[in-house]
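Pasting entry29.txt here (compact mmCIF, C-alpha atoms (C1' of nucleotides)):
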```
# COMPACT_ATOMS: atom_id res chain seq x y z
CA MET A 1 106.35 119.69 130.28
CA HIS A 2 108.37 119.37 127.08
CA SER A 3 107.92 116.03 125.34
CA LEU A 4 111.67 115.42 125.30
CA ILE A 5 111.90 115.81 129.09
CA LEU A 6 108.95 113.46 129.49
CA HIS A 7 110.68 110.98 127.26
CA ILE A 8 113.97 111.18 129.12
CA LYS A 9 112.14 110.68 132.41
CA ASN A 10 110.97 107.30 131.15
CA TYR A 11 114.57 106.15 131.24
CA ILE A 12 116.45 108.11 133.89
CA PRO A 13 115.47 110.33 136.84
CA VAL A 14 115.54 114.08 136.13
CA GLU A 15 115.15 116.85 138.72
CA ASP A 16 112.62 119.59 138.00
CA GLU A 17 115.27 122.29 138.13
CA GLU A 18 117.29 120.58 135.41
CA TYR A 19 114.68 120.95 132.67
CA GLU A 20 115.73 124.30 131.30
CA SER A 21 119.40 123.56 131.68
CA ILE A 22 118.96 120.46 129.53
CA LEU A 23 116.72 121.95 126.86
CA GLN A 24 119.05 124.89 126.24
CA PHE A 25 121.44 122.55 124.40
CA PHE A 26 118.85 121.68 121.76
CA ASP A 27 117.76 123.69 118.75
CA THR A 28 114.14 123.72 117.62
CA ALA A 29 113.14 123.60 113.96
CA GLU A 30 109.78 123.74 112.22
CA LEU A 31 109.71 121.71 109.03
CA LYS A 32 107.25 121.89 106.17
CA LYS A 33 106.31 118.78 104.19
CA ARG A 34 109.31 117.74 102.06
CA ASP A 35 111.77 119.99 103.90
CA THR A 36 115.10 118.16 103.95
CA ILE A 37 117.54 118.28 106.84
CA LEU A 38 120.19 115.93 105.49
CA ILE A 39 121.37 115.37 101.92
CA GLU A 40 123.61 112.61 100.53
CA GLY A 41 127.25 113.67 100.61
CA GLN A 42 126.89 115.99 103.60
CA ILE A 43 128.31 115.26 107.03
CA CYS A 44 125.46 114.53 109.41
CA LYS A 45 125.54 117.34 111.95
CA ALA A 46 122.98 116.33 114.54
CA ASN A 47 120.70 113.80 116.11
CA TYR A 48 117.01 114.74 115.69
CA PHE A 49 114.15 114.18 118.11
CA ILE A 50 110.64 114.33 116.66
CA VAL A 51 108.36 116.50 118.80
CA LYS A 52 105.53 116.48 116.28
CA GLY A 53 105.18 115.01 112.81
CA CYS A 54 106.98 112.38 110.79
CA LEU A 55 110.36 112.17 109.07
CA ARG A 56 111.86 109.55 106.83
CA MET A 57 115.34 108.46 105.86
CA PHE A 58 115.95 107.36 102.29
CA PHE A 59 118.60 106.94 99.64
CA ILE A 60 118.54 107.14 95.86
CA ASN A 61 119.37 103.92 94.08
CA GLU A 62 121.29 103.52 90.84
CA LYS A 63 118.06 103.84 88.84
CA GLY A 64 117.31 107.17 90.47
CA VAL A 65 114.46 105.81 92.60
CA GLU A 66 114.09 106.89 96.24
CA GLN A 67 114.09 104.00 98.70
CA THR A 68 112.94 104.65 102.25
CA THR A 69 114.83 102.79 104.95
CA GLN A 70 113.22 104.23 108.04
CA PHE A 71 110.45 106.39 109.44
CA ALA A 72 110.45 108.33 112.68
CA ILE A 73 107.40 109.75 114.42
CA GLU A 74 106.77 111.52 117.72
CA ASN A 75 109.26 110.64 120.47
CA TRP A 76 111.72 108.89 118.19
CA TRP A 77 115.22 109.91 117.27
CA ILE A 78 116.53 109.91 113.73
CA SER A 79 119.99 110.46 112.30
CA ASP A 80 122.68 108.85 110.19
CA ASN A 81 124.51 107.56 113.23
CA LEU A 82 127.59 106.43 111.36
CA SER A 83 128.07 109.78 109.65
CA LEU A 84 127.37 111.62 112.89
CA LEU A 85 129.84 109.51 114.86
CA THR A 86 132.66 109.37 112.31
CA GLN A 87 132.07 112.74 110.59
CA LYS A 88 132.16 111.11 107.18
CA PRO A 89 129.72 111.90 104.34
CA THR A 90 126.33 110.29 104.51
CA ALA A 91 124.68 108.17 101.83
CA PHE A 92 121.21 109.13 103.06
CA HIS A 93 118.66 111.88 102.90
CA ILE A 94 116.38 112.82 105.81
CA GLN A 95 113.15 114.59 104.94
CA ALA A 96 109.84 115.60 106.54
CA VAL A 97 106.93 113.44 105.38
CA GLU A 98 104.48 115.95 106.87
CA LYS A 99 104.64 119.28 108.72
CA SER A 100 106.89 118.55 111.68
CA GLU A 101 108.67 119.98 114.67
CA VAL A 102 112.07 118.60 115.70
CA LEU A 103 114.76 119.21 118.26
CA SER A 104 118.36 118.75 117.21
CA ILE A 105 121.64 118.36 119.02
CA GLY A 106 125.07 118.31 117.39
CA ASN A 107 128.21 116.69 118.73
CA SER A 108 129.67 119.75 120.46
CA SER A 109 126.40 120.61 122.21
CA TYR A 110 126.11 116.96 123.13
CA GLN A 111 129.52 116.99 124.79
CA LYS A 112 128.60 120.10 126.80
CA LEU A 113 125.26 118.59 127.76
CA ILE A 114 126.70 115.42 129.23
CA GLN A 115 129.44 117.35 130.97
CA LEU A 116 126.74 119.25 132.84
CA HIS A 117 124.31 116.31 133.11
CA PRO A 118 126.33 113.09 133.01
CA SER A 119 123.34 110.82 133.51
CA ILE A 120 122.00 111.89 130.10
CA GLU A 121 124.73 109.73 128.60
CA SER A 122 122.85 106.72 129.98
CA TYR A 123 119.69 107.92 128.29
CA PHE A 124 121.41 108.12 124.92
CA ARG A 125 123.16 104.80 125.47
CA MET A 126 119.72 103.25 126.00
CA MET A 127 118.21 105.06 123.02
CA HIS A 128 120.91 103.69 120.74
CA GLN A 129 120.66 100.26 122.30
CA ARG A 130 116.91 100.23 121.86
CA ALA A 131 117.17 101.37 118.26
CA LEU A 132 119.83 98.74 117.63
CA GLY A 133 117.60 96.09 119.14
CA ALA A 134 114.72 97.24 116.93
CA ALA A 135 117.00 97.04 113.90
CA GLN A 136 117.99 93.48 114.84
CA TYR A 137 114.36 92.41 114.95
CA ARG A 138 113.54 94.27 111.77
CA MET A 139 116.35 92.36 110.08
CA LYS A 140 114.70 89.17 111.26
CA TYR A 141 111.38 90.08 109.69
CA GLN A 142 112.92 91.16 106.40
CA HIS A 143 114.92 87.96 106.33
CA GLY A 144 112.32 85.45 107.34
CA MET A 145 109.09 86.62 105.73
CA SER A 146 107.82 86.93 102.17
CA ARG A 147 106.84 90.41 101.00
CA GLU A 148 103.19 89.58 101.44
CA GLU A 149 103.78 88.48 105.04
CA ILE A 150 105.82 91.61 105.75
CA TYR A 151 102.97 93.76 104.54
CA ARG A 152 100.34 91.97 106.61
CA PHE A 153 102.54 92.00 109.68
CA PHE A 154 103.23 95.69 109.33
CA ALA A 155 99.63 96.56 108.55
CA ASN A 156 98.45 94.68 111.64
CA SER A 157 101.16 96.13 113.88
CA PHE A 158 100.79 99.78 112.89
CA PRO A 159 97.31 100.29 111.41
CA GLU A 160 97.21 104.00 112.29
CA PHE A 161 100.56 104.60 110.65
CA ILE A 162 99.34 103.12 107.37
CA GLN A 163 96.70 105.84 107.23
CA ARG A 164 99.24 108.53 107.82
CA ILE A 165 101.63 108.05 104.94
CA PRO A 166 101.17 107.74 101.17
CA GLN A 167 101.23 104.25 99.76
CA TYR A 168 104.25 104.69 97.54
CA LEU A 169 106.33 105.57 100.61
CA LEU A 170 105.06 102.51 102.44
CA ALA A 171 105.90 100.32 99.45
CA SER A 172 109.36 101.81 99.24
CA TYR A 173 109.88 101.21 102.98
CA LEU A 174 108.68 97.61 102.91
CA GLY A 175 110.89 96.94 99.92
CA PHE A 176 108.57 96.46 97.01
CA THR A 177 106.86 98.29 94.18
CA PRO A 178 103.68 100.39 94.53
CA GLU A 179 102.05 98.11 91.96
CA TYR A 180 102.57 95.04 94.06
CA LEU A 181 101.33 96.81 97.20
CA SER A 182 98.21 97.73 95.29
CA GLU A 183 97.69 94.09 94.38
CA LEU A 184 98.11 93.01 98.02
CA ARG A 185 95.60 95.56 99.25
CA LYS A 186 93.04 94.34 96.77
CA LYS A 187 93.53 90.73 97.88
CA LYS A 188 93.04 91.68 101.52
CA ILE A 189 89.50 93.01 101.00
CA SER A 190 88.21 89.92 99.24
CA MET B 1 147.28 94.30 127.33
CA HIS B 2 143.84 92.71 127.14
CA SER B 3 142.15 93.18 123.79
CA LEU B 4 139.08 94.68 125.44
CA ILE B 5 141.15 97.39 127.13
CA LEU B 6 142.88 98.12 123.83
CA HIS B 7 139.50 98.40 122.19
CA ILE B 8 138.12 100.73 124.84
CA LYS B 9 141.20 102.93 124.53
CA ASN B 10 140.31 103.54 120.90
CA TYR B 11 137.25 105.40 122.11
CA ILE B 12 137.93 106.88 125.54
CA PRO B 13 141.04 107.51 127.65
CA VAL B 14 141.77 104.83 130.28
CA GLU B 15 144.40 105.09 133.02
CA ASP B 16 146.81 102.17 133.41
CA GLU B 17 145.71 101.55 136.99
CA GLU B 18 142.09 101.11 135.91
CA TYR B 19 142.67 98.01 133.78
CA GLU B 20 142.17 95.37 136.44
CA SER B 21 139.35 97.24 138.07
CA ILE B 22 137.51 97.28 134.77
CA LEU B 23 138.19 93.70 133.72
CA GLN B 24 136.99 92.27 137.02
CA PHE B 25 133.40 92.98 136.00
CA PHE B 26 133.60 90.67 132.97
CA ASP B 27 133.39 86.89 132.86
CA THR B 28 135.51 84.88 130.45
CA ALA B 29 134.18 81.88 128.56
CA GLU B 30 135.80 79.41 126.16
CA LEU B 31 133.41 78.16 123.52
CA LYS B 32 133.73 75.12 121.30
CA LYS B 33 132.34 75.15 117.78
CA ARG B 34 128.52 75.09 117.95
CA ASP B 35 128.41 75.96 121.66
CA THR B 36 125.32 78.08 122.19
CA ILE B 37 125.13 80.97 124.66
CA LEU B 38 121.58 82.14 123.94
CA ILE B 39 118.51 80.14 122.98
CA GLU B 40 115.14 81.38 121.71
CA GLY B 41 112.74 81.97 124.59
CA GLN B 42 115.44 82.77 127.14
CA ILE B 43 116.04 86.23 128.57
CA CYS B 44 119.33 87.54 127.19
CA LYS B 45 121.60 87.88 130.20
CA ALA B 46 124.69 89.61 128.86
CA ASN B 47 126.49 91.51 126.19
CA TYR B 48 129.37 89.51 124.68
CA PHE B 49 132.73 90.75 123.46
CA ILE B 50 134.64 88.47 121.08
CA VAL B 51 138.28 88.13 122.15
CA LYS B 52 138.98 85.34 119.67
CA GLY B 53 136.86 83.44 117.20
CA CYS B 54 133.50 84.02 115.56
CA LEU B 55 129.89 83.90 116.74
CA ARG B 56 126.63 84.21 114.87
CA MET B 57 123.10 85.21 115.70
CA PHE B 58 120.27 83.33 114.01
CA PHE B 59 116.62 82.43 114.30
CA ILE B 60 114.62 79.44 113.15
CA ASN B 61 111.94 80.22 110.59
CA GLU B 62 108.52 78.60 110.30
CA LYS B 63 109.96 75.90 108.05
CA GLY B 64 112.53 74.94 110.66
CA VAL B 65 115.46 76.44 108.74
CA GLU B 66 118.13 78.46 110.57
CA GLN B 67 118.58 81.98 109.23
CA THR B 68 121.65 83.93 110.25
CA THR B 69 121.15 87.64 110.85
CA GLN B 70 124.61 88.62 112.02
CA PHE B 71 128.18 87.55 112.57
CA ALA B 72 130.62 88.87 115.16
CA ILE B 73 134.38 88.40 115.06
CA GLU B 74 137.30 89.66 117.14
CA ASN B 75 136.65 93.03 118.82
CA TRP B 76 132.94 93.10 118.12
CA TRP B 77 130.08 92.92 120.57
CA ILE B 78 127.08 90.65 120.12
CA SER B 79 123.82 90.34 122.01
CA ASP B 80 120.06 90.55 121.62
CA ASN B 81 119.97 94.15 122.72
CA LEU B 82 116.21 94.36 122.97
CA SER B 83 115.96 91.29 125.17
CA LEU B 84 118.91 92.47 127.26
CA LEU B 85 117.44 95.94 127.74
CA THR B 86 113.82 94.98 128.38
CA GLN B 87 114.38 91.57 129.98
CA LYS B 88 111.86 89.97 127.67
CA PRO B 89 112.38 86.60 125.94
CA THR B 90 114.55 86.58 122.85
CA ALA B 91 113.62 85.26 119.41
CA PHE B 92 117.26 84.54 118.58
CA HIS B 93 120.01 82.04 119.16
CA ILE B 94 123.68 82.97 119.55
CA GLN B 95 126.22 80.28 118.74
CA ALA B 96 129.95 79.87 118.17
CA VAL B 97 130.84 79.31 114.50
CA GLU B 98 134.34 78.20 115.51
CA LYS B 99 136.33 77.73 118.73
CA SER B 100 136.04 81.10 120.45
CA GLU B 101 136.83 83.10 123.56
CA VAL B 102 134.38 85.73 124.77
CA LEU B 103 133.96 88.18 127.63
CA SER B 104 130.48 88.77 128.97
CA ILE B 105 128.88 91.40 131.14
CA GLY B 106 125.33 91.28 132.50
CA ASN B 107 123.17 94.21 133.52
CA SER B 108 124.01 94.21 137.21
CA SER B 109 127.76 94.02 136.61
CA TYR B 110 127.33 96.72 134.01
CA GLN B 111 125.68 99.04 136.54
CA LYS B 112 128.49 98.46 139.03
CA LEU B 113 131.11 98.99 136.34
CA ILE B 114 129.82 102.38 135.23
CA GLN B 115 129.34 103.45 138.83
CA LEU B 116 133.05 102.91 139.37
CA HIS B 117 134.12 104.05 135.87
CA PRO B 118 131.49 106.48 134.57
CA SER B 119 133.33 107.19 131.34
CA ILE B 120 132.75 103.59 130.23
CA GLU B 121 129.15 104.57 129.65
CA SER B 122 130.41 106.74 126.78
CA TYR B 123 132.25 103.78 125.33
CA PHE B 124 129.09 101.67 125.32
CA ARG B 125 127.02 104.55 123.99
CA MET B 126 129.44 104.75 121.06
CA MET B 127 129.48 100.97 120.57
CA HIS B 128 125.71 100.91 120.29
CA GLN B 129 125.68 103.98 118.10
CA ARG B 130 128.28 102.47 115.80
CA ALA B 131 126.41 99.17 115.59
CA LEU B 132 123.19 101.06 114.90
CA GLY B 133 124.91 103.01 112.15
CA ALA B 134 126.22 99.78 110.64
CA ALA B 135 122.70 98.34 110.77
CA GLN B 136 121.33 101.40 108.96
CA TYR B 137 123.81 100.94 106.13
CA ARG B 138 123.22 97.22 105.99
CA MET B 139 119.52 97.93 105.58
CA LYS B 140 120.45 100.15 102.64
CA TYR B 141 122.36 97.36 100.93
CA GLN B 142 119.66 94.77 101.48
CA HIS B 143 117.09 97.21 100.19
CA GLY B 144 118.83 98.59 97.17
CA MET B 145 120.73 95.67 95.70
CA SER B 146 119.76 92.41 94.03
CA ARG B 147 120.99 89.23 95.70
CA GLU B 148 123.71 88.90 93.12
CA GLU B 149 124.95 92.44 93.83
CA ILE B 150 124.81 91.83 97.59
CA TYR B 151 127.02 88.79 97.17
CA ARG B 152 129.58 90.57 95.02
CA PHE B 153 129.63 93.58 97.34
CA PHE B 154 130.13 91.39 100.39
CA ALA B 155 132.72 89.19 98.72
CA ASN B 156 134.74 92.24 97.69
CA SER B 157 134.40 93.95 101.06
CA PHE B 158 135.32 90.99 103.25
CA PRO B 159 137.31 88.47 101.19
CA GLU B 160 139.08 87.00 104.21
CA PHE B 161 135.79 86.46 106.03
CA ILE B 162 134.41 84.47 103.09
CA GLN B 163 137.24 81.98 103.57
CA ARG B 164 136.50 81.66 107.23
CA ILE B 165 132.91 80.51 107.26
CA PRO B 166 131.08 77.69 105.46
CA GLN B 167 129.07 78.66 102.42
CA TYR B 168 125.71 77.63 103.73
CA LEU B 169 126.11 80.09 106.61
CA LEU B 170 127.10 82.85 104.23
CA ALA B 171 124.07 82.12 102.04
CA SER B 172 121.82 82.15 105.09
CA TYR B 173 123.30 85.50 106.17
CA LEU B 174 123.00 87.14 102.77
CA GLY B 175 119.43 85.94 102.54
CA PHE B 176 119.41 83.27 99.88
CA THR B 177 119.73 79.55 99.32
CA PRO B 178 123.04 77.64 99.18
CA GLU B 179 122.05 76.47 95.68
CA TYR B 180 121.79 79.99 94.41
CA LEU B 181 125.07 81.01 96.03
CA SER B 182 126.69 78.09 94.29
CA GLU B 183 125.35 79.34 90.98
CA LEU B 184 126.71 82.85 91.63
CA ARG B 185 130.16 81.54 92.50
CA LYS B 186 130.28 79.59 89.28
CA LYS B 187 129.34 82.66 87.26
CA LYS B 188 132.05 84.73 88.88
CA ILE B 189 134.87 82.52 87.61
CA SER B 190 133.78 82.65 83.98
C1' DC C 1 90.52 124.21 83.99
C1' DG C 2 94.53 121.50 83.16
C1' DC C 3 98.59 119.46 84.82
C1' DG C 4 101.16 116.48 87.70
C1' DA C 5 101.12 113.29 91.47
C1' DC C 6 99.18 109.11 92.98
C1' DG C 7 96.86 104.65 92.77
C1' DT C 8 95.21 100.73 90.10
C1' DT C 9 95.06 97.01 86.57
C1' DG C 10 96.70 93.63 83.40
C1' DA C 11 100.30 91.33 80.36
C1' DT C 12 104.74 89.77 80.33
C1' DT C 13 109.24 88.62 82.12
C1' DT C 14 112.71 87.16 85.38
C1' DG C 15 115.33 86.44 89.64
C1' DC C 16 115.45 83.24 92.74
C1' DC C 17 113.38 79.20 95.15
C1' DT C 18 112.14 74.28 95.44
C1' DC C 19 113.06 69.73 94.86
C1' DA C 20 115.79 65.90 93.69
C1' DA C 21 119.95 63.75 92.72
C1' DC C 22 124.74 63.34 92.79
C1' DG C 23 130.10 64.15 94.01
C1' DA C 24 133.33 65.51 97.45
C1' DT C 25 134.90 66.00 101.91
C1' DT C 26 134.92 65.32 106.75
C1' DG C 27 134.67 62.79 110.72
C1' DT C 28 133.78 58.75 113.54
C1' DG C 29 133.46 54.18 115.33
C1' DG C 30 134.91 49.48 114.59
C1' DC D 1 143.49 52.85 109.33
C1' DC D 2 139.77 51.76 106.77
C1' DA D 3 134.56 51.85 105.94
C1' DC D 4 130.60 54.09 106.24
C1' DA D 5 127.64 57.91 107.41
C1' DA D 6 126.82 62.54 107.70
C1' DT D 7 127.72 67.04 106.18
C1' DC D 8 128.56 70.18 102.59
C1' DG D 9 128.76 71.94 97.86
C1' DT D 10 127.14 71.51 93.05
C1' DT D 11 123.99 70.82 89.05
C1' DG D 12 119.75 70.91 86.57
C1' DA D 13 114.61 70.98 85.82
C1' DG D 14 110.60 73.25 86.85
C1' DG D 15 107.75 76.73 89.19
C1' DC D 16 106.34 80.92 91.46
C1' DA D 17 106.63 85.50 93.67
C1' DA D 18 107.41 89.81 92.47
C1' DA D 19 109.40 93.16 89.06
C1' DT D 20 108.80 95.64 84.80
C1' DC D 21 106.28 98.06 81.51
C1' DA D 22 102.41 100.39 79.76
C1' DA D 23 98.02 102.36 80.09
C1' DC D 24 94.30 104.47 82.38
C1' DG D 25 91.30 106.76 86.17
C1' DT D 26 91.23 110.07 89.89
C1' DC D 27 92.24 113.53 92.83
C1' DG D 28 94.28 117.87 94.60
C1' DC D 29 96.44 121.97 93.51
C1' DG D 30 98.38 126.05 90.95
```
Can you turn what I pasted into structure tokens?
Amino acid sequence: MHSLILHIKNYIPVEDEEYESILQFFDTAELKKRDTILIEGQICKANYFIVKGCLRMFFINEKGVEQTTQFAIENWWISDNLSLLTQKPTAFHIQAVEKSEVLSIGNSSYQKLIQLHPSIESYFRMMHQRALGAAQYRMKYQHGMSREEIYRFFANSFPEFIQRIPQYLLASYLGFTPEYLSELRKKKIS
Amino acid sequence: MHSLILHIKNYIPVEDEEYESILQFFDTAELKKRDTILIEGQICKANYFIVKGCLRMFFINEKGVEQTTQFAIENWWISDNLSLLTQKPTAFHIQAVEKSEVLSIGNSSYQKLIQLHPSIESYFRMMHQRALGAAQYRMKYQHGMSREEIYRFFANSFPEFIQRIPQYLLASYLGFTPEYLSELRKKKIS
DNA sequence: CGCGACGTTGATTTGCCTCAACGATTGTGG
DNA sequence: CCACAATCGTTGAGGCAAATCAACGTCGCG
């Protein structure tokens, strides 16, 4: 069964005969490492579901440095939700960190999908609510912990993910410099 | 017309005869300054819509200091979405900053509401999507700006809101100490 | 093989916090 | 309606976490 259908079934009931009728509204894309599906200034055209691989969202600060604000791996959605909802230009880029496979659905396909399968709207409501909840807790960690604590917390929570991505991306995501991350890693061993 | 109905009508069409049938699923509460509707460790029981006033979400860090992670004013929703969705204990408090009036809707009322008015699910999907989008951009600001820049950006974006809340809450929200905020304000004049 | 991307190390600097003390303002009970 | 306490904002001295800058080693890839 397609991983998206499996994922949806975790949240709402889906009949077997609906599978194809749901999947037809999504487009599949294969992405190579560094392929970019959204660039600053564009209007975000779709919501993306990661079937396989890893994507990241980042922006370019005034010094020209890329700063990663979020990662998405298998079974997560990623998009600039404000740009997608309001059809205004985005301030973000979305790029594949590794070879990836994604499904995408734009607003017009989305409208057709929920017309045919109204209960899918509940699924998306819960996806956004869950992501919002995660963002609220992430805010708490960023607010309440020192950079060293953030690193240790993250490293303990997602050890496998640390392996998967280059250190400079992790540093950029956690909000500090690669040099400082290097220093923290050294401390941890001793 | 009730401000909630007006707000919903910005996002989806609502028939005049539906108003009462929708509002019946919400409870009204009057809050005095510092009244608290959610305490750390509880299960979050509802999503709250601000009719009048201002609420804040905060947590208490390991030093015993309150740190504010978000404010909500008229026509915004506030809740611990993760706790509400998963029915697990929250790590947050939600409290009135000033005398306020709120509507609340718990999960069981919510289910009954969308059974009777399915299109309301779209409204909530968009509310969560919008809030998620706002959280994504807030992450960008916190990530890419120094504390001084964050203050100036916020002060320019929401001048009226600055007037409305005490400075120590603003400092706690922006992520720094009241002392440092005081220093920044002094600099701005000269 | 040679270049560019990535990680590490150390010296120096700085943004912001901590702590302590002091006005100003608010509110509360006598 | 005043006195006193508590809350809130400000100021300054000192300290530390983390950034900056520069240099070097290593690895993978064209």
Self-check item: At most 9 Å to chain D: residues in chain A, only C-alpha atoms (C1' of nucleotides), as a PyMOL selection string
Solution: chain A and resi 146-147+176-177+180
Quiz item: Which protein, DNA or RNA residues are at most 12 Å from (102.2, 114.2, 95.5) in the file's coordinates when you count all atoms listed in the file, listed as a ChimeraX atom specification?
Solution: /A:33-34,97-98,165-169 /C:4-7 /D:27-29
Practice problem: Please work out which residues fall within 6 Å of (112.2, 84.8, 126.4), coordinates as given in the file, with all atoms listed in the file counting, and return them as a VMD selection string. | Solution: chain B and resid 41 to 43 88 to 90
Practice problem: Rank nothing, just name the residue among C:DT13, C:DT8, C:DT18, C:DT26 nearest to chain A, using all atoms listed in the file. | Solution: C:DT8
Exercise. Excluding Gly53 (chain A) and residues on its chain fewer than 3 positions from it, collect all residues at most 9 Å away from it, counting only C-alpha atoms (C1' of nucleotides), and give them as JSON, numbers by chain.
Key: {"A": [31, 50, 72, 73, 74, 96, 97, 98, 99, 100, 101, 102]}
Would you put the residues from that selection into a file with C-alpha atoms, as a compact mmCIF listing (two decimals), keeping the file's coordinate frame?
```
# COMPACT_ATOMS: atom_id res chain seq x y z
CA LEU A 31 109.71 121.71 109.03
CA ILE A 50 110.64 114.33 116.66
CA ALA A 72 110.45 108.33 112.68
CA ILE A 73 107.40 109.75 114.42
CA GLU A 74 106.77 111.52 117.72
CA ALA A 96 109.84 115.60 106.54
CA VAL A 97 106.93 113.44 105.38
CA GLU A 98 104.48 115.95 106.87
CA LYS A 99 104.64 119.28 108.72
CA SER A 100 106.89 118.55 111.68
CA GLU A 101 108.67 119.98 114.67
CA VAL A 102 112.07 118.60 115.70
```
Distance table requested - chain B against chain A, cut-off 8 Å, all atoms listed in the file: one row per qualifying residue with the closest atom pair and its distance in Å to one decimal, ordered by chain and rising residue number, as JSON lines.
```
{"residue": "B:Phe59", "atom": "CA", "partner": "A:Lys140", "partner_atom": "CA", "distance": 7.6}
{"residue": "B:Asn61", "atom": "CA", "partner": "A:Gly144", "partner_atom": "CA", "distance": 6.2}
{"residue": "B:Gln67", "atom": "CA", "partner": "A:Gly144", "partner_atom": "CA", "distance": 7.4}
{"residue": "B:Thr69", "atom": "CA", "partner": "A:Lys140", "partner_atom": "CA", "distance": 6.6}
{"residue": "B:Asp80", "atom": "CA", "partner": "A:Gly133", "partner_atom": "CA", "distance": 6.5}
{"residue": "B:Asn81", "atom": "CA", "partner": "A:Gly133", "partner_atom": "CA", "distance": 4.7}
{"residue": "B:Leu82", "atom": "CA", "partner": "A:Gly133", "partner_atom": "CA", "distance": 4.4}
{"residue": "B:Ser83", "atom": "CA", "partner": "A:Gly133", "partner_atom": "CA", "distance": 7.9}
{"residue": "B:Leu85", "atom": "CA", "partner": "A:Arg130", "partner_atom": "CA", "distance": 7.3}
{"residue": "B:Glu121", "atom": "CA", "partner": "A:Ser122", "partner_atom": "CA", "distance": 6.7}
{"residue": "B:Ser122", "atom": "CA", "partner": "A:Glu121", "partner_atom": "CA", "distance": 6.7}
{"residue": "B:Phe124", "atom": "CA", "partner": "A:Arg125", "partner_atom": "CA", "distance": 6.7}
{"residue": "B:Arg125", "atom": "CA", "partner": "A:Arg125", "partner_atom": "CA", "distance": 4.1}
{"residue": "B:Met126", "atom": "CA", "partner": "A:Arg125", "partner_atom": "CA", "distance": 7.7}
{"residue": "B:His128", "atom": "CA", "partner": "A:Gln129", "partner_atom": "CA", "distance": 5.5}
{"residue": "B:Gln129", "atom": "CA", "partner": "A:His128", "partner_atom": "CA", "distance": 5.5}
{"residue": "B:Arg130", "atom": "CA", "partner": "A:Leu82", "partner_atom": "CA", "distance": 6.0}
{"residue": "B:Ala131", "atom": "CA", "partner": "A:Leu132", "partner_atom": "CA", "distance": 6.9}
{"residue": "B:Leu132", "atom": "CA", "partner": "A:Leu132", "partner_atom": "CA", "distance": 4.9}
{"residue": "B:Gly133", "atom": "CA", "partner": "A:Leu82", "partner_atom": "CA", "distance": 4.4}
{"residue": "B:Ala134", "atom": "CA", "partner": "A:Leu82", "partner_atom": "CA", "distance": 6.8}
{"residue": "B:Ala135", "atom": "CA", "partner": "A:Ala135", "partner_atom": "CA", "distance": 6.6}
{"residue": "B:Gln136", "atom": "CA", "partner": "A:Asp80", "partner_atom": "CA", "distance": 7.7}
{"residue": "B:Met139", "atom": "CA", "partner": "A:Thr69", "partner_atom": "CA", "distance": 6.8}
{"residue": "B:Lys140", "atom": "CA", "partner": "A:Thr69", "partner_atom": "CA", "distance": 6.6}
{"residue": "B:His143", "atom": "CA", "partner": "A:Gly175", "partner_atom": "CA", "distance": 6.2}
{"residue": "B:Gly144", "atom": "CA", "partner": "A:Asn61", "partner_atom": "CA", "distance": 6.2}
{"residue": "B:Gly175", "atom": "CA", "partner": "A:His143", "partner_atom": "CA", "distance": 6.2}
```
Quiz item: In Å, how far is it from CA of Asn107 (chain B) to CA of Asn47 (chain B)?
Solution: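 These two atoms are separated by 8.5 Å.
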Quiz item: Quick one: distance from CA of Leu103 (chain B) to CA of His7 (chain B) in Å, one decimal?
Solution: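 Separation between CA of Leu103 (chain B) and CA of His7 (chain B): 12.8 Å.
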Quiz item: How far is it from CA of His117 (chain B) to CA of Gln115 (chain A), in Å with one decimal?
Solution: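 Here the two named atoms are 14.9 Å from each other.
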Exercise. Kindly provide, as a VMD selection string, the residues of chain C having any atom no farther than 9 Å from an atom of chain B, counting only C-alpha atoms (C1' of nucleotides).
Key: chain C and resid 15 to 17
